[in-house]
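Trainee: The structure file query.txt (compact mmCIF, C-alpha atoms and all ligand atoms) is provided below.
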# COMPACT_ATOMS: atom_id res chain seq x y z
CA MET A 269 43.02 154.73 100.30
CA GLN A 270 42.04 155.51 96.71
CA THR A 271 39.31 158.15 96.70
CA ASN A 272 37.98 160.44 93.99
CA ASN A 273 39.28 163.28 96.14
CA PRO A 274 42.92 163.95 95.11
CA ALA A 275 43.10 167.04 97.33
CA TYR A 276 42.25 164.83 100.29
CA GLU A 277 44.82 162.20 99.27
CA TYR A 278 47.48 164.91 99.03
CA LEU A 279 46.52 166.27 102.47
CA ALA A 280 46.31 162.82 104.06
CA GLU A 281 49.76 161.93 102.72
CA ALA A 282 51.20 165.17 104.11
CA LEU A 283 49.55 164.56 107.46
CA GLN A 284 50.78 160.98 107.63
CA LYS A 285 54.34 162.18 106.83
CA SER A 286 54.12 164.63 109.74
CA GLY A 287 53.10 161.81 112.04
CA GLN A 288 49.37 162.53 112.20
CA ASP A 289 46.98 159.62 112.62
CA VAL A 290 44.58 160.48 109.80
CA ALA A 291 42.20 157.66 110.66
CA ALA A 292 41.89 158.97 114.22
CA VAL A 293 41.32 162.51 112.95
CA LYS A 294 38.53 161.31 110.67
CA ALA A 295 36.99 159.22 113.45
CA ALA A 296 36.92 162.25 115.74
CA LEU A 297 35.26 164.36 113.05
CA LYS A 298 32.64 161.68 112.46
CA ALA A 299 31.90 161.60 116.20
CA GLN A 300 31.42 165.38 116.47
CA HIS A 301 28.04 166.32 117.99
CA ILE A 302 26.76 169.87 117.56
CA GLU A 303 23.34 170.51 119.11
CA THR A 304 21.22 173.12 117.35
CA PRO A 305 18.72 175.37 119.18
CA SER A 306 14.99 175.18 118.50
CA TRP A 307 14.81 178.97 118.82
CA GLY A 308 17.24 179.40 115.92
CA TYR A 309 14.62 178.08 113.49
CA GLY A 310 11.75 180.36 114.47
CA ASN A 311 11.26 184.08 113.97
CA SER A 312 13.45 186.00 116.38
CA GLY A 313 15.34 189.23 116.28
CA THR A 314 16.38 192.16 118.38
CA ARG A 315 14.45 194.50 120.69
CA PHE A 316 14.10 196.79 117.69
CA LYS A 317 12.43 194.42 115.29
CA VAL A 318 11.72 190.80 114.48
CA PHE A 319 11.69 190.34 110.70
CA ALA A 320 9.25 187.58 109.75
CA ALA A 321 11.12 185.06 107.58
CA ALA A 322 9.33 182.99 104.95
CA GLY A 323 9.37 179.40 106.12
CA ALA A 324 10.41 180.16 109.69
CA ALA A 325 9.31 177.36 111.98
CA ARG A 326 6.10 178.22 113.83
CA ASN A 327 6.02 175.47 116.44
CA VAL A 328 8.22 172.83 118.04
CA TYR A 329 7.34 170.19 115.44
CA GLU A 330 8.50 172.41 112.58
CA LYS A 331 11.65 173.29 114.55
CA ILE A 332 12.36 169.57 114.89
CA ASP A 333 11.76 169.14 111.15
CA ASP A 334 14.35 171.84 110.45
CA ALA A 335 16.85 170.51 112.98
CA ALA A 336 16.51 167.04 111.45
CA PHE A 337 17.13 168.55 108.01
CA ILE A 338 20.36 170.16 109.26
CA HIS A 339 21.40 166.81 110.70
CA ARG A 340 20.70 165.07 107.37
CA LEU A 341 22.92 167.60 105.63
CA THR A 342 25.79 167.27 108.10
CA GLY A 343 25.55 164.02 110.06
CA VAL A 344 26.85 165.82 113.18
CA ALA A 345 23.76 167.65 114.50
CA PRO A 346 21.77 164.79 116.08
CA SER A 347 19.97 166.76 118.79
CA VAL A 348 17.94 169.93 119.25
CA ALA A 349 17.82 172.06 122.41
CA LEU A 350 14.38 173.11 123.61
CA HIS A 351 13.21 176.31 125.26
CA ILE A 352 10.38 176.15 127.78
CA PRO A 353 7.56 177.31 127.54
CA TRP A 354 8.04 178.18 123.86
CA ASP A 355 8.47 174.48 122.96
CA LYS A 356 6.14 173.07 125.60
CA THR A 357 3.80 170.23 124.65
CA SER A 358 1.31 168.08 126.53
CA ASP A 359 2.77 165.01 124.81
CA TRP A 360 6.49 164.72 125.57
CA SER A 361 6.76 161.07 124.63
CA GLY A 362 5.03 161.86 121.34
CA LEU A 363 7.46 164.70 120.67
CA ARG A 364 10.40 162.47 121.56
CA GLN A 365 9.05 159.88 119.13
CA TYR A 366 8.47 162.54 116.45
CA ALA A 367 12.10 163.60 116.74
CA ALA A 368 13.42 160.04 116.81
CA GLU A 369 11.49 159.19 113.64
CA ARG A 370 13.35 162.06 111.99
CA GLY A 371 16.73 160.90 113.21
CA ILE A 372 17.36 163.34 116.05
CA ALA A 373 16.98 163.49 119.83
CA LEU A 374 15.64 166.17 122.16
CA GLY A 375 18.56 167.93 123.80
CA ALA A 376 19.19 170.44 126.54
CA ILE A 377 16.23 172.09 128.27
CA ASN A 378 16.39 175.88 128.56
CA PRO A 379 14.13 177.47 131.19
CA ASN A 380 12.72 180.93 130.54
CA LEU A 381 13.35 183.14 133.55
CA PHE A 382 13.23 186.40 131.67
CA GLN A 383 9.91 186.98 129.92
CA ASP A 384 7.24 186.94 132.64
CA ASP A 385 6.11 190.38 133.82
CA GLU A 386 6.88 189.33 137.41
CA TYR A 387 10.56 189.03 136.50
CA LYS A 388 11.11 192.76 136.04
CA SER A 389 13.34 192.88 139.16
CA GLY A 390 14.74 189.42 138.60
CA SER A 391 13.62 185.82 138.88
CA VAL A 392 15.49 183.70 141.44
CA CYS A 393 17.29 186.84 142.66
CA HIS A 394 14.08 188.86 143.01
CA PRO A 395 13.54 190.53 146.42
CA ASP A 396 10.00 189.08 146.62
CA PRO A 397 9.96 185.41 147.76
CA VAL A 398 6.71 184.85 145.84
CA VAL A 399 8.45 185.67 142.56
CA ARG A 400 11.45 183.56 143.49
CA ARG A 401 9.10 180.63 144.17
CA ARG A 402 7.54 181.06 140.73
CA ALA A 403 11.00 180.94 139.14
CA VAL A 404 12.10 177.89 141.11
CA ASP A 405 8.84 176.10 140.30
CA HIS A 406 9.44 176.81 136.61
CA MET A 407 12.91 175.28 136.85
CA LEU A 408 11.50 172.27 138.71
CA GLU A 409 8.95 171.90 135.91
CA CYS A 410 11.89 171.91 133.47
CA VAL A 411 13.58 169.17 135.50
CA GLU A 412 10.43 167.05 135.16
CA ILE A 413 10.43 167.75 131.42
CA MET A 414 14.04 166.51 131.29
CA ARG A 415 12.86 163.20 132.71
CA ALA A 416 10.19 162.98 129.97
CA THR A 417 12.50 163.98 127.12
CA GLY A 418 15.51 162.03 128.36
CA SER A 419 17.54 165.25 128.32
CA ARG A 420 20.78 165.33 130.25
CA ASP A 421 21.34 169.05 130.58
CA LEU A 422 19.41 171.91 132.12
CA SER A 423 20.91 175.10 130.68
CA LEU A 424 20.43 177.77 133.32
CA TRP A 425 20.72 181.33 132.07
CA LEU A 426 19.52 184.22 134.22
CA ALA A 427 18.68 187.68 132.92
CA ASP A 428 18.75 188.72 136.58
CA GLY A 429 20.56 191.90 137.48
CA THR A 430 20.05 195.56 138.29
CA ASN A 431 20.20 198.81 136.34
CA TYR A 432 21.31 201.19 139.03
CA ALA A 433 23.72 201.18 141.97
CA GLY A 434 21.73 200.75 145.15
CA GLN A 435 18.72 199.23 143.41
CA ASP A 436 19.14 196.01 145.37
CA SER A 437 21.67 194.29 147.62
CA ILE A 438 24.19 192.50 145.41
CA ARG A 439 25.05 190.04 148.16
CA ALA A 440 21.43 189.37 149.06
CA ARG A 441 20.81 188.56 145.39
CA LYS A 442 23.78 186.18 145.46
CA HIS A 443 22.30 184.37 148.47
CA ARG A 444 18.85 184.11 146.82
CA LEU A 445 20.42 182.67 143.68
CA GLU A 446 22.42 180.08 145.62
CA GLU A 447 19.37 179.01 147.62
CA ALA A 448 17.24 178.60 144.51
CA ALA A 449 19.92 176.78 142.55
CA CYS A 450 20.52 174.37 145.44
CA GLU A 451 16.82 173.46 145.55
CA VAL A 452 16.77 172.71 141.83
CA TYR A 453 20.09 170.85 141.98
CA ARG A 454 18.73 168.48 144.63
CA ARG A 455 15.90 167.48 142.25
CA LEU A 456 18.13 166.69 139.26
CA PRO A 457 17.89 163.11 137.92
CA GLU A 458 21.08 161.29 138.93
CA ASP A 459 22.68 161.35 135.46
CA ALA A 460 21.57 164.90 134.66
CA ARG A 461 23.53 168.13 134.86
CA ILE A 462 22.80 171.78 135.44
CA LEU A 463 24.92 173.97 133.18
CA VAL A 464 25.39 177.38 134.74
CA GLU A 465 25.63 180.07 132.07
CA TYR A 466 27.05 183.55 132.65
CA LYS A 467 26.72 186.81 130.71
CA PHE A 468 28.49 190.05 131.45
CA PHE A 469 25.50 192.28 130.64
CA GLU A 470 22.08 192.47 128.97
CA PRO A 471 19.21 192.78 129.69
CA ALA A 472 20.55 194.18 132.99
CA PHE A 473 22.81 197.11 132.35
CA TYR A 474 24.49 197.94 135.66
CA GLN A 475 25.07 194.55 137.31
CA THR A 476 24.28 191.00 136.26
CA ASP A 477 23.93 188.37 138.99
CA LEU A 478 25.76 185.67 136.98
CA ALA A 479 28.17 187.93 135.12
CA ASP A 480 31.34 185.94 134.52
CA TRP A 481 32.95 182.55 134.52
CA GLY A 482 34.20 182.96 138.09
CA MET A 483 30.69 183.47 139.47
CA ALA A 484 29.42 180.52 137.45
CA ALA A 485 32.32 178.36 138.64
CA SER A 486 31.77 179.38 142.25
CA LEU A 487 28.06 178.49 142.06
CA SER A 488 28.81 175.21 140.25
CA ARG A 489 31.28 174.22 142.98
CA LYS A 490 28.73 175.05 145.71
CA LEU A 491 26.10 172.94 143.97
CA GLY A 492 28.15 169.79 143.37
CA PRO A 493 29.55 167.46 140.68
CA GLN A 494 26.42 167.57 138.52
CA ALA A 495 26.85 171.31 138.04
CA LYS A 496 29.21 172.67 135.40
CA VAL A 497 29.88 175.97 133.66
CA LEU A 498 28.28 176.81 130.31
CA VAL A 499 30.45 179.13 128.20
CA ASP A 500 28.41 181.22 125.79
CA THR A 501 31.04 182.60 123.45
CA GLY A 502 29.06 185.83 122.90
CA HIS A 503 28.89 186.64 126.61
CA HIS A 504 32.28 188.23 127.23
CA ALA A 505 33.51 191.79 127.24
CA PRO A 506 35.33 192.68 124.01
CA GLY A 507 38.95 191.54 124.13
CA THR A 508 38.36 188.74 126.66
CA ASN A 509 40.63 185.75 126.14
CA VAL A 510 37.88 183.11 125.89
CA GLU A 511 40.25 180.24 125.14
CA HIS A 512 42.04 181.02 128.43
CA ILE A 513 38.72 180.69 130.31
CA VAL A 514 38.05 177.42 128.48
CA ALA A 515 41.52 176.06 129.37
CA PHE A 516 41.12 177.05 133.02
CA LEU A 517 37.64 175.50 133.35
CA LEU A 518 38.82 172.32 131.64
CA ASP A 519 41.76 172.05 134.01
CA GLU A 520 39.37 172.43 136.95
CA GLY A 521 36.97 169.83 135.49
CA LEU A 522 34.28 172.54 135.48
CA LEU A 523 33.51 172.99 131.75
CA GLY A 524 30.09 171.55 130.95
CA GLY A 525 29.32 173.00 127.56
CA PHE A 526 29.17 175.83 125.08
CA HIS A 527 26.58 178.07 123.62
CA PHE A 528 28.31 178.89 120.34
CA ASN A 529 27.76 182.18 118.55
CA ALA A 530 29.85 185.19 117.60
CA ARG A 531 29.73 188.82 118.58
CA LYS A 532 31.58 191.85 117.37
CA TYR A 533 30.44 194.13 120.17
CA ALA A 534 27.58 192.78 122.27
CA ASP A 535 25.79 189.47 122.50
CA ASP A 536 24.27 189.65 119.07
CA ASP A 537 24.17 185.94 118.29
CA LEU A 538 26.03 186.06 114.99
CA ILE A 539 27.18 182.85 113.29
CA VAL A 540 29.85 181.15 115.39
CA GLY A 541 33.30 181.66 113.90
CA SER A 542 32.11 184.42 111.59
CA VAL A 543 33.83 187.28 113.39
CA ASN A 544 36.97 185.63 114.75
CA PRO A 545 37.59 182.11 113.34
CA PHE A 546 41.05 182.01 114.96
CA GLU A 547 39.44 182.32 118.41
CA LEU A 548 37.08 179.42 117.64
CA PHE A 549 40.06 177.35 116.49
CA LEU A 550 41.97 178.22 119.69
CA ILE A 551 38.98 177.16 121.79
CA TYR A 552 38.90 173.81 119.99
CA ASN A 553 42.69 173.59 120.34
CA GLU A 554 42.31 173.72 124.13
CA LEU A 555 39.60 171.06 124.00
CA VAL A 556 41.65 168.70 121.82
CA GLY A 557 44.72 169.18 124.01
CA ALA A 558 42.77 168.60 127.24
CA ALA A 559 41.02 165.52 125.85
CA ALA A 560 44.47 163.88 125.65
CA ASP A 561 45.60 165.10 129.09
CA SER A 562 47.15 162.51 131.42
CA ASN A 563 44.90 163.71 134.27
CA PRO A 564 41.61 161.76 133.91
CA MET A 565 39.65 164.57 135.58
CA VAL A 566 40.76 166.92 132.79
CA SER A 567 40.50 164.49 129.89
CA GLY A 568 37.15 163.23 131.21
CA CYS A 569 35.82 166.78 131.35
CA ALA A 570 37.04 167.59 127.85
CA GLN A 571 35.44 164.43 126.45
CA ASP A 572 32.10 165.23 128.07
CA VAL A 573 31.44 168.75 126.80
CA ALA A 574 28.04 169.65 125.30
CA TYR A 575 28.55 171.65 122.09
CA MET A 576 25.42 173.72 121.51
CA ILE A 577 24.74 176.53 119.12
CA ASP A 578 22.82 179.45 120.61
CA GLN A 579 22.02 181.97 117.90
CA SER A 580 19.07 184.06 116.85
CA HIS A 581 19.27 184.77 113.15
CA ASN A 582 17.69 188.13 112.55
CA ILE A 583 18.47 188.87 108.88
CA GLU A 584 20.21 185.68 107.76
CA PRO A 585 18.22 182.87 106.05
CA LYS A 586 17.63 180.61 109.04
CA LEU A 587 18.53 177.20 107.63
CA GLU A 588 21.59 178.54 105.82
CA ALA A 589 22.78 180.35 108.96
CA MET A 590 22.38 177.24 111.12
CA LEU A 591 24.14 175.08 108.55
CA GLN A 592 27.01 177.56 108.23
CA SER A 593 27.33 177.50 112.03
CA VAL A 594 27.65 173.73 112.13
CA VAL A 595 30.17 173.77 109.26
CA ASN A 596 32.24 176.46 111.01
CA CYS A 597 32.44 174.24 114.10
CA GLN A 598 33.54 171.31 111.93
CA VAL A 599 36.27 173.38 110.27
CA ALA A 600 37.60 174.70 113.59
CA TYR A 601 37.63 171.24 115.13
CA ALA A 602 39.34 169.69 112.08
CA LYS A 603 42.09 172.31 112.21
CA ALA A 604 42.54 171.81 115.96
CA LEU A 605 42.92 168.06 115.39
CA LEU A 606 45.80 168.79 112.98
CA VAL A 607 47.90 170.64 115.56
CA ASP A 608 51.24 168.82 115.87
CA ARG A 609 51.26 168.46 119.64
CA VAL A 610 54.70 166.87 119.83
CA ALA A 611 56.24 169.76 117.90
CA LEU A 612 54.20 172.24 119.97
CA ALA A 613 55.56 170.84 123.24
CA GLU A 614 59.10 170.81 121.85
CA ARG A 615 58.91 174.43 120.67
CA GLN A 616 57.38 175.54 123.95
CA ALA A 617 60.09 173.77 125.97
CA ALA A 618 62.72 175.40 123.76
CA GLU A 619 61.14 178.82 124.45
CA ASP A 620 60.81 179.17 120.70
CA VAL A 621 58.10 181.82 120.92
CA LEU A 622 57.23 182.15 117.27
CA GLY A 623 58.10 178.55 116.42
CA ALA A 624 55.50 177.41 118.93
CA HIS A 625 53.05 180.01 117.61
CA ARG A 626 53.61 178.77 114.06
CA VAL A 627 52.71 175.21 115.07
CA LEU A 628 49.24 176.55 115.77
CA THR A 629 49.02 178.87 112.80
CA ASP A 630 50.24 176.08 110.47
CA ALA A 631 47.25 174.00 111.56
CA PHE A 632 44.89 176.97 111.41
CA GLU A 633 46.00 177.83 107.87
CA THR A 634 45.49 174.27 106.61
CA ASP A 635 42.62 174.01 104.13
CA VAL A 636 40.58 171.23 105.75
CA ARG A 637 37.75 171.29 103.22
CA PRO A 638 39.10 168.21 101.33
CA LEU A 639 39.40 166.35 104.64
CA LEU A 640 35.84 167.26 105.63
CA ALA A 641 34.58 166.31 102.15
CA GLN A 642 36.17 162.88 102.55
CA VAL A 643 34.78 162.42 106.06
CA ARG A 644 31.32 163.37 104.81
CA ALA A 645 31.60 160.98 101.87
CA GLU A 646 32.49 158.20 104.28
CA MET A 647 29.54 159.20 106.49
CA GLY A 648 27.16 159.12 103.54
CA VAL A 649 26.20 162.80 103.85
CA PRO A 650 26.71 165.56 101.25
CA GLU A 651 30.38 166.39 100.76
CA ASN A 652 29.43 170.06 100.42
CA PRO A 653 26.45 170.65 102.71
CA LEU A 654 25.96 174.30 101.72
CA ALA A 655 25.79 173.33 98.04
CA ALA A 656 23.37 170.55 99.01
CA LEU A 657 21.21 173.11 100.82
CA ALA A 658 21.20 175.38 97.79
CA ALA A 659 20.10 172.45 95.62
CA SER A 660 17.49 171.20 98.09
CA ASP A 661 13.79 171.87 97.67
CA TYR A 662 13.24 171.70 101.46
CA PRO A 663 13.52 175.47 102.11
CA LYS A 664 11.11 176.23 99.28
CA LYS A 665 8.75 173.50 100.44
CA VAL A 666 8.55 174.75 104.02
CA ALA A 667 8.29 178.36 102.88
CA ALA A 668 5.29 177.42 100.75
CA GLU A 669 3.73 175.41 103.59
CA ARG A 670 4.45 177.84 106.43
CA GLY A 671 4.42 181.24 104.81
CA ALA A 672 5.94 184.07 106.81
CA ALA A 673 4.45 183.94 110.29
CA GLU A 674 4.13 187.33 111.95
CA GLY A 675 7.33 188.48 113.60
CA GLY A 676 7.05 189.63 117.20
CA SER A 677 7.73 193.14 118.38
CA GLY A 678 11.24 192.12 119.38
CA GLY A 679 13.07 189.44 121.31
CA TYR A 680 12.30 185.79 120.93
CA PRO A 681 9.51 183.87 119.21
CA GLY A 682 6.33 184.15 121.15
CA ALA A 683 7.39 187.56 122.41
C1 LIG B 701 19.95 184.61 125.01
C2 LIG B 701 20.75 184.76 126.28
C3 LIG B 701 21.48 183.46 126.62
C4 LIG B 701 20.55 182.26 126.60
C5 LIG B 701 19.79 182.21 125.30
C6 LIG B 701 18.76 181.08 125.30
O1 LIG B 701 21.71 185.78 126.09
O2 LIG B 701 22.53 183.25 125.73
O3 LIG B 701 21.35 181.06 126.69
O4 LIG B 701 19.09 183.44 125.08
O5 LIG B 701 17.85 181.29 126.35
O6 LIG B 701 20.84 184.51 123.95
MN MN B 702 23.38 181.24 125.64
MN MN B 703 23.09 185.07 124.57
Written as structure tokens, that's how I'd like the structure from this file.
Ligand code: AFD
Ligand code: MN
Ligand code: MN
Mentor:
Amino acid sequence: MQTNNPAYEYLAEALQKSGQDVAAVKAALKAQHIETPSWGYGNSGTRFKVFAAAGAARNVYEKIDDAAFIHRLTGVAPSVALHIPWDKTSDWSGLRQYAAERGIALGAINPNLFQDDEYKSGSVCHPDPVVRRRAVDHMLECVEIMRATGSRDLSLWLADGTNYAGQDSIRARKHRLEEAACEVYRRLPEDARILVEYKFFEPAFYQTDLADWGMAASLSRKLGPQAKVLVDTGHHAPGTNVEHIVAFLLDEGLLGGFHFNARKYADDDLIVGSVNPFELFLIYNELVGAAADSNPMVSGCAQDVAYMIDQSHNIEPKLEAMLQSVVNCQVAYAKALLVDRVALAERQAAEDVLGAHRVLTDAFETDVRPLLAQVRAEMGVPENPLAALAASDYPKKVAAERGAAEGGSGGYPGA
């Protein structure tokens, strides 16, 4: 097809010659859906300081405005995850309408089981049944909100854990968690899911009740088919092979979604792909491979993953950081779609160690910017979204309107 994008024509010709279905690759990129988090648009930071950013969203309506702006710039960010109670409103249908009028939908609902004073010794794992009841009631409130917002996913993350050996019974906490999760699971709308998120530490520093993918998988299996594992890419010990976890969960039909971010050391919510872009590519490589698997349980799982960004931008300009995150996911996915899977299987069968490795690195080293520019042109969105952001008057407009709301003392908005 004649385009005014010679770099794309050159790439498309090369891809066609190597047997790639360029039309299918472009269709997949146009269908990409990256959900952005409401909390990424407001002031947030670390326990040391929250720097107030000019133009940071101050309420859920402004967060929706910003999320809709990111979707207009990319065409692949059509929903925004909400955090309760930070984004709570008395008019859910009005909020749903407000978002729809701006071209986006309300996405996953994230309960807050970590900020109430009562949760000092845990929420659903707390030794006191009164506190556990409070936590379960909050999750049941979130399930009712899902019905009002039309959300499919309840993203369950627990800060629960202990700071010292002996502080509490690890197995008793496990039983409390399972009991609470079962009660919430039974109240899920029939087409809804509970995504069980794990984190190896923080804010608990000795033991975390949902610490790794195995614990999340075990709980998901106990709950039932509407429970899946949520992989937050920043929640692993340094050196963990995250793409291996992703492959394993896909093959078990247990992968429900991602919270994308990056971390160099701890869970510091950096821009996804900014620390280790090869890892992000390898994660997408597993997803693309599984989506074509002959086992429908595996391919069905891979085609039903919720891709959500979960980042708190402490020093980065918020809109630019969120946009860069979405673009990094597009680049990684585009490269994963270019992996020559026939050649990969051949090289693997031939035990050609480095030949097989090079099939992946060839795709990873492909400059996919011309391909993404063409896809964006065909979608009617800016071919270079970051340049479009730089040229837009939206950030200046909202900064003038909103000013720099006071940052909190640390942690999330509303802290
Ligand atoms: C924090 C937690 C976890 C959770 C997110 C939103 O570490 O990732 O999903 O907040 O509540 O990042
Ligand atoms: Mn998360
Ligand atoms: Mn996190």
Trainee: Please identify all polymer residues within 10 Å of stretch 283-288 of chain A, counting only C-alpha atoms, omitting same-chain residues fewer than 4 positions from it, and present them as a PyMOL selection string.
Mentor: chain A and resi 277-279+292-293+605-611
Trainee: Can you write out the residues you just picked, keeping C-alpha atoms, as a tab-separated table (two decimals), in the coordinates of the input?
Mentor:
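What follows is the written file selection.tsv:
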chain	number	residue	atom	x	y	z
A	277	GLU	CA	44.82	162.20	99.27
A	278	TYR	CA	47.48	164.91	99.03
A	279	LEU	CA	46.52	166.27	102.47
A	292	ALA	CA	41.89	158.97	114.22
A	293	VAL	CA	41.32	162.51	112.95
A	605	LEU	CA	42.92	168.06	115.39
A	606	LEU	CA	45.80	168.79	112.98
A	607	VAL	CA	47.90	170.64	115.56
A	608	ASP	CA	51.24	168.82	115.87
A	609	ARG	CA	51.26	168.46	119.64
A	610	VAL	CA	54.70	166.87	119.83
A	611	ALA	CA	56.24	169.76	117.90
Trainee: Nearest to ligand MN 702 (chain B) among A:Val399, A:Val621, A:Ala570, A:Leu426, with distances taken over all atoms listed in the file: which residue is it?
Mentor: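 Once distances to ligand MN 702 (chain B) are computed over all atoms listed in the file, the minimum belongs to A:Leu426.
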Trainee: Select the residues contacting ligand MN 702 (chain B) at a distance of at most 9 Å, based on all atoms listed in the file, then format the selection as a list in words.
Mentor: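 Here is the list of contacting residues: Ser423, Leu424, Trp425, Glu465, Tyr466, Lys467, Leu498, Val499, Asp500, Thr501, Gly502, His503, Phe526, His527, Phe528, Asn529, Asp537, Met576, Ile577, Asp578 and Gln579 of chain A.
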Trainee: Pick the closest to ligand MN 703 (chain B) from A:Pro274, A:Pro545, A:Pro305, A:Pro564: which is it, counting all atoms listed in the file?
Mentor: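 Nearest to ligand MN 703 (chain B): A:Pro305.
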Trainee: Find the residues near A:Ala604: any atom within 8 Å, counting all atoms listed in the file, skip ones fewer than 3 places away on the same chain, and give them as a ChimeraX atom specification.
Mentor: /A:549-550,552-553,556,600-601,607,631-632
Trainee: Separation of atom CA of A:Arg420 and atom CA of A:Ala376, in Å?
Mentor: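 So the two atoms, atom CA of A:Arg420 and atom CA of A:Ala376, lie 6.5 Å apart.
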Trainee: Dump as a PyMOL selection string all residues having an atom at most 10 Å from (14.6, 173.4, 110.2), computed in the file's coordinates with all atoms listed in the file.
Mentor: chain A and resi 304+306+308-310+323-325+329-339+586-588+590-591+662-663+666
Trainee: Using atom CA of A:Val566 and atom CA of A:Ala515 as the two end points, give the distance in Å to one decimal.
Mentor: 9.8 Å
Trainee: Report as a tab-separated table (two decimals) with C-alpha atoms, keeping the file's coordinate frame all protein, DNA and RNA residues lying within 9 Å of A:Glu447, evaluated on only C-alpha atoms, omitting residues in the same chain fewer than 5 positions from it.
Mentor:
chain	number	residue	atom	x	y	z
A	392	VAL	CA	15.49	183.70	141.44
A	442	LYS	CA	23.78	186.18	145.46
A	452	VAL	CA	16.77	172.71	141.83
Trainee: Any idea what the distance is between atom CA of A:Ala295 and atom CA of A:Ala641?
Mentor: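 Computed distance, atom CA of A:Ala295 to atom CA of A:Ala641, equals 13.6 Å.
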Trainee: Which one of A:Leu622, A:Ala668, A:Ala530, A:Leu363 sits closest to ligand MN 703 (chain B) if you count all atoms listed in the file?
Mentor: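 The shortest atom-to-atom distance to ligand MN 703 (chain B) comes from A:Ala530.
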Trainee: Got a sec: who's within 7 Å of A:Val497, counting all atoms listed in the file, leaving out chain neighbours fewer than 4 positions off, as a list in words?
Mentor: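 The filter keeps Leu463, Val464, Glu465, Ala484, Ala485, Ser488, Leu522, Leu523, Gly524 and Gly525 of chain A.
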Trainee: Hey, can you spit out that residue selection with C-alpha atoms as a CSV table (one decimal), keeping the file's coordinate frame?
Mentor:
chain,number,residue,atom,x,y,z
A,463,LEU,CA,24.9,174.0,133.2
A,464,VAL,CA,25.4,177.4,134.7
A,465,GLU,CA,25.6,180.1,132.1
A,484,ALA,CA,29.4,180.5,137.4
A,485,ALA,CA,32.3,178.4,138.6
A,488,SER,CA,28.8,175.2,140.2
A,522,LEU,CA,34.3,172.5,135.5
A,523,LEU,CA,33.5,173.0,131.8
A,524,GLY,CA,30.1,171.6,131.0
A,525,GLY,CA,29.3,173.0,127.6
Trainee: Tell me which protein, DNA and RNA residues are within 6 Å of A:Ala345, counting only C-alpha atoms, leaving out same-chain ones fewer than 3 positions away, and put them as a ChimeraX atom specification.
Mentor: /A:301-303,339
Trainee: Would you compute the box with edges along x, y and z of the file around ligand LIG 701 (chain B), including every atom the file lists for it and 6 Å extra on each side, and give its centre and edge lengths in Å to one decimal, as lines of an AutoDock Vina configuration file?
Mentor:
center_x = 20.2
center_y = 183.4
center_z = 125.3
size_x = 16.7
size_y = 16.7
size_z = 14.7
Trainee: Using all atoms listed in the file, which residue out of A:Arg340, A:Arg441, A:Lys298, A:Lys532 lies closest to A:Leu657?
Mentor: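 That would be A:Arg340, the residue with the smallest distance to A:Leu657.
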Trainee: Go through A:Leu639, A:Val595, A:Ala433, A:Leu612 one by one, measure the shortest atom-to-atom distance of each to A:Gln475 using all atoms listed in the file, and give the residue with the smallest value.
Mentor: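 For A:Gln475, the nearest of the candidates is A:Ala433.
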Trainee: Only C-alpha atoms, please: stretch 368-390 of chain A from the block, as a tab-separated table (two decimals), in the first residue's frame.
Mentor:
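Below is the file that was written, out.tsv:
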chain	number	residue	atom	x	y	z
A	368	ALA	CA	-18.36	7.63	27.96
A	369	GLU	CA	-18.86	11.18	26.67
A	370	ARG	CA	-15.07	11.49	26.67
A	371	GLY	CA	-14.56	8.24	24.83
A	372	ILE	CA	-13.45	5.96	27.65
A	373	ALA	CA	-14.96	3.40	30.02
A	374	LEU	CA	-14.56	2.82	33.75
A	375	GLY	CA	-12.26	-0.15	34.28
A	376	ALA	CA	-11.05	-2.34	37.10
A	377	ILE	CA	-12.08	-1.52	40.66
A	378	ASN	CA	-9.26	-1.45	43.21
A	379	PRO	CA	-10.29	-1.76	46.88
A	380	ASN	CA	-8.22	0.02	49.52
A	381	LEU	CA	-7.35	-2.42	52.29
A	382	PHE	CA	-4.26	-0.60	53.44
A	383	GLN	CA	-4.98	2.95	54.60
A	384	ASP	CA	-7.49	2.66	57.45
A	385	ASP	CA	-5.97	2.88	60.94
A	386	GLU	CA	-7.68	-0.41	61.82
A	387	TYR	CA	-5.56	-2.18	59.21
A	388	LYS	CA	-2.28	-1.81	61.10
A	389	SER	CA	-2.15	-5.59	61.74
A	390	GLY	CA	-3.77	-6.46	58.44
